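Take a look at the structure below.
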Amino acid sequence: MTKPNTAFAFLLIGGILILIQGTIYGLMIISAGMAIATIHGAGFFGGLLAVLGVILIIFGIILIGAALMVNTGEPNKVRSGSIIGIIFGALSIFFGGGFYTGFILSIVGGILGLTWKPEQPSQSTSQQPTQA
């Protein structure tokens, strides 16, 4: 049985890019976010960076999990993983989408997973005739 390797690769790379962007936001919190939070009235922006970082890390992990579901090659799991990839890839655009490349790769990978058809085992042409 073949697997949807291209869909897997696109979803995996998209998830990794989104995870990297979330980690960068997390590092920004440590360096700049704490400084912003100490400014009177600007604490909201430090908290906003924290929320964005956490959301992107969660989305990245979910997309990597969806890519692993697609890589199983089981039609039901491929379909579920593809739908999850499209949903979380689309939602990631509101938070930067893995430098926007992760967003695009996740959507394309999800679509490729949905359109993937497993190969049917070929029927043997030399069947035995039935005797009456």
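Starting from 1 in every chain, residues are counted up; chains themselves are A, B, ... following the order of the structure tokens, and ligands are numbered from 1 as listed.
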
**Report entry** 6 Å contact set for stretch 53-62 of chain A, only C-alpha atoms, chain neighbours under 5 positions out, as a ChimeraX atom specification
**Finding:** /A:15,18-19,22,25-26

Query - Selection near stretch 65-71 of chain A, 10 Å with only C-alpha atoms, sequence-local residues under 3 positions removed, as a PyMOL selection string - result: chain A and resi 2-15+59-62+74-86+88+106+109-110+113-114

Deliver the residues from the most recent selection as a file, using N, CA and C atoms, as an mmCIF file, in the first residue's frame.
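As written to disk, selection37.cif reads:
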data_model
loop_
_atom_site.group_PDB
_atom_site.id
_atom_site.type_symbol
_atom_site.label_atom_id
_atom_site.label_comp_id
_atom_site.auth_asym_id
_atom_site.auth_seq_id
_atom_site.Cartn_x
_atom_site.Cartn_y
_atom_site.Cartn_z
ATOM 1 N N THR A 2 0.536 2.210 -0.783
ATOM 2 C CA THR A 2 1.304 3.446 -0.832
ATOM 3 C C THR A 2 0.789 4.411 0.226
ATOM 4 N N LYS A 3 1.624 5.374 0.529
ATOM 5 C CA LYS A 3 1.265 6.403 1.501
ATOM 6 C C LYS A 3 1.259 7.756 0.806
ATOM 7 N N PRO A 4 0.506 8.711 1.343
ATOM 8 C CA PRO A 4 0.509 10.067 0.775
ATOM 9 C C PRO A 4 1.742 10.841 1.257
ATOM 10 N N ASN A 5 2.902 10.509 0.695
ATOM 11 C CA ASN A 5 4.165 11.076 1.171
ATOM 12 C C ASN A 5 4.266 12.585 0.993
ATOM 13 N N THR A 6 3.757 13.104 -0.112
ATOM 14 C CA THR A 6 3.829 14.544 -0.345
ATOM 15 C C THR A 6 2.960 15.292 0.661
ATOM 16 N N ALA A 7 1.768 14.787 0.913
ATOM 17 C CA ALA A 7 0.887 15.415 1.900
ATOM 18 C C ALA A 7 1.540 15.381 3.272
ATOM 19 N N PHE A 8 2.150 14.244 3.621
ATOM 20 C CA PHE A 8 2.848 14.118 4.900
ATOM 21 C C PHE A 8 3.960 15.156 5.016
ATOM 22 N N ALA A 9 4.779 15.272 3.968
ATOM 23 C CA ALA A 9 5.912 16.194 3.999
ATOM 24 C C ALA A 9 5.437 17.641 4.137
ATOM 25 N N PHE A 10 4.416 18.025 3.380
ATOM 26 C CA PHE A 10 3.920 19.397 3.447
ATOM 27 C C PHE A 10 3.347 19.708 4.828
ATOM 28 N N LEU A 11 2.545 18.791 5.371
ATOM 29 C CA LEU A 11 1.979 19.010 6.698
ATOM 30 C C LEU A 11 3.067 19.064 7.763
ATOM 31 N N LEU A 12 4.053 18.194 7.654
ATOM 32 C CA LEU A 12 5.125 18.159 8.637
ATOM 33 C C LEU A 12 5.950 19.440 8.600
ATOM 34 N N ILE A 13 6.343 19.873 7.417
ATOM 35 C CA ILE A 13 7.140 21.095 7.290
ATOM 36 C C ILE A 13 6.325 22.304 7.734
ATOM 37 N N GLY A 14 5.040 22.361 7.356
ATOM 38 C CA GLY A 14 4.184 23.460 7.801
ATOM 39 C C GLY A 14 4.061 23.490 9.319
ATOM 40 N N GLY A 15 3.872 22.329 9.938
ATOM 41 C CA GLY A 15 3.786 22.259 11.392
ATOM 42 C C GLY A 15 5.078 22.672 12.065
ATOM 43 N N PHE A 59 -0.544 24.804 17.975
ATOM 44 C CA PHE A 59 -0.922 24.536 16.586
ATOM 45 C C PHE A 59 0.157 23.729 15.878
ATOM 46 N N GLY A 60 1.421 24.063 16.102
ATOM 47 C CA GLY A 60 2.514 23.330 15.479
ATOM 48 C C GLY A 60 2.531 21.871 15.900
ATOM 49 N N ILE A 61 2.323 21.628 17.188
ATOM 50 C CA ILE A 61 2.290 20.248 17.689
ATOM 51 C C ILE A 61 1.106 19.486 17.096
ATOM 52 N N ILE A 62 -0.038 20.134 17.023
ATOM 53 C CA ILE A 62 -1.221 19.483 16.441
ATOM 54 C C ILE A 62 -0.982 19.163 14.964
ATOM 55 N N GLU A 74 -3.468 4.743 6.368
ATOM 56 C CA GLU A 74 -4.818 4.212 6.543
ATOM 57 C C GLU A 74 -5.807 5.285 6.088
ATOM 58 N N PRO A 75 -6.710 4.951 5.169
ATOM 59 C CA PRO A 75 -7.595 5.965 4.576
ATOM 60 C C PRO A 75 -8.345 6.823 5.600
ATOM 61 N N ASN A 76 -8.877 6.238 6.668
ATOM 62 C CA ASN A 76 -9.614 7.030 7.660
ATOM 63 C C ASN A 76 -8.706 7.997 8.397
ATOM 64 N N LYS A 77 -7.516 7.538 8.760
ATOM 65 C CA LYS A 77 -6.574 8.409 9.465
ATOM 66 C C LYS A 77 -6.019 9.489 8.545
ATOM 67 N N VAL A 78 -5.809 9.143 7.276
ATOM 68 C CA VAL A 78 -5.333 10.141 6.313
ATOM 69 C C VAL A 78 -6.371 11.246 6.164
ATOM 70 N N ARG A 79 -7.629 10.861 6.058
ATOM 71 C CA ARG A 79 -8.702 11.849 5.920
ATOM 72 C C ARG A 79 -8.800 12.725 7.159
ATOM 73 N N SER A 80 -8.791 12.108 8.350
ATOM 74 C CA SER A 80 -8.882 12.873 9.600
ATOM 75 C C SER A 80 -7.690 13.800 9.768
ATOM 76 N N GLY A 81 -6.482 13.286 9.516
ATOM 77 C CA GLY A 81 -5.282 14.108 9.635
ATOM 78 C C GLY A 81 -5.276 15.262 8.651
ATOM 79 N N SER A 82 -5.792 15.020 7.453
ATOM 80 C CA SER A 82 -5.855 16.081 6.443
ATOM 81 C C SER A 82 -6.827 17.179 6.853
ATOM 82 N N ILE A 83 -7.968 16.790 7.384
ATOM 83 C CA ILE A 83 -8.954 17.787 7.834
ATOM 84 C C ILE A 83 -8.392 18.597 8.994
ATOM 85 N N ILE A 84 -7.752 17.916 9.948
ATOM 86 C CA ILE A 84 -7.124 18.621 11.066
ATOM 87 C C ILE A 84 -6.050 19.582 10.544
ATOM 88 N N GLY A 85 -5.263 19.124 9.564
ATOM 89 C CA GLY A 85 -4.224 19.972 8.984
ATOM 90 C C GLY A 85 -4.781 21.218 8.326
ATOM 91 N N ILE A 86 -5.874 21.062 7.604
ATOM 92 C CA ILE A 86 -6.483 22.225 6.944
ATOM 93 C C ILE A 86 -7.044 23.196 7.980
ATOM 94 N N PHE A 88 -6.290 23.633 11.313
ATOM 95 C CA PHE A 88 -5.299 24.327 12.130
ATOM 96 C C PHE A 88 -4.323 25.132 11.276
ATOM 97 N N SER A 106 0.628 23.813 5.060
ATOM 98 C CA SER A 106 -0.366 23.030 5.796
ATOM 99 C C SER A 106 -1.656 22.881 4.998
ATOM 100 N N GLY A 109 -0.865 20.589 1.993
ATOM 101 C CA GLY A 109 -0.707 19.212 2.462
ATOM 102 C C GLY A 109 -2.029 18.581 2.844
ATOM 103 N N GLY A 110 -2.897 19.349 3.496
ATOM 104 C CA GLY A 110 -4.218 18.838 3.847
ATOM 105 C C GLY A 110 -5.052 18.519 2.620
ATOM 106 N N GLY A 113 -3.744 15.386 1.041
ATOM 107 C CA GLY A 113 -4.173 14.225 1.807
ATOM 108 C C GLY A 113 -5.625 13.862 1.539
ATOM 109 N N LEU A 114 -6.478 14.878 1.391
ATOM 110 C CA LEU A 114 -7.893 14.607 1.109
ATOM 111 C C LEU A 114 -8.108 14.027 -0.277
#

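With atom CA of A:Ile87 on one side and atom CA of A:Phe99 on the other, the separation reads 17.2 Å.
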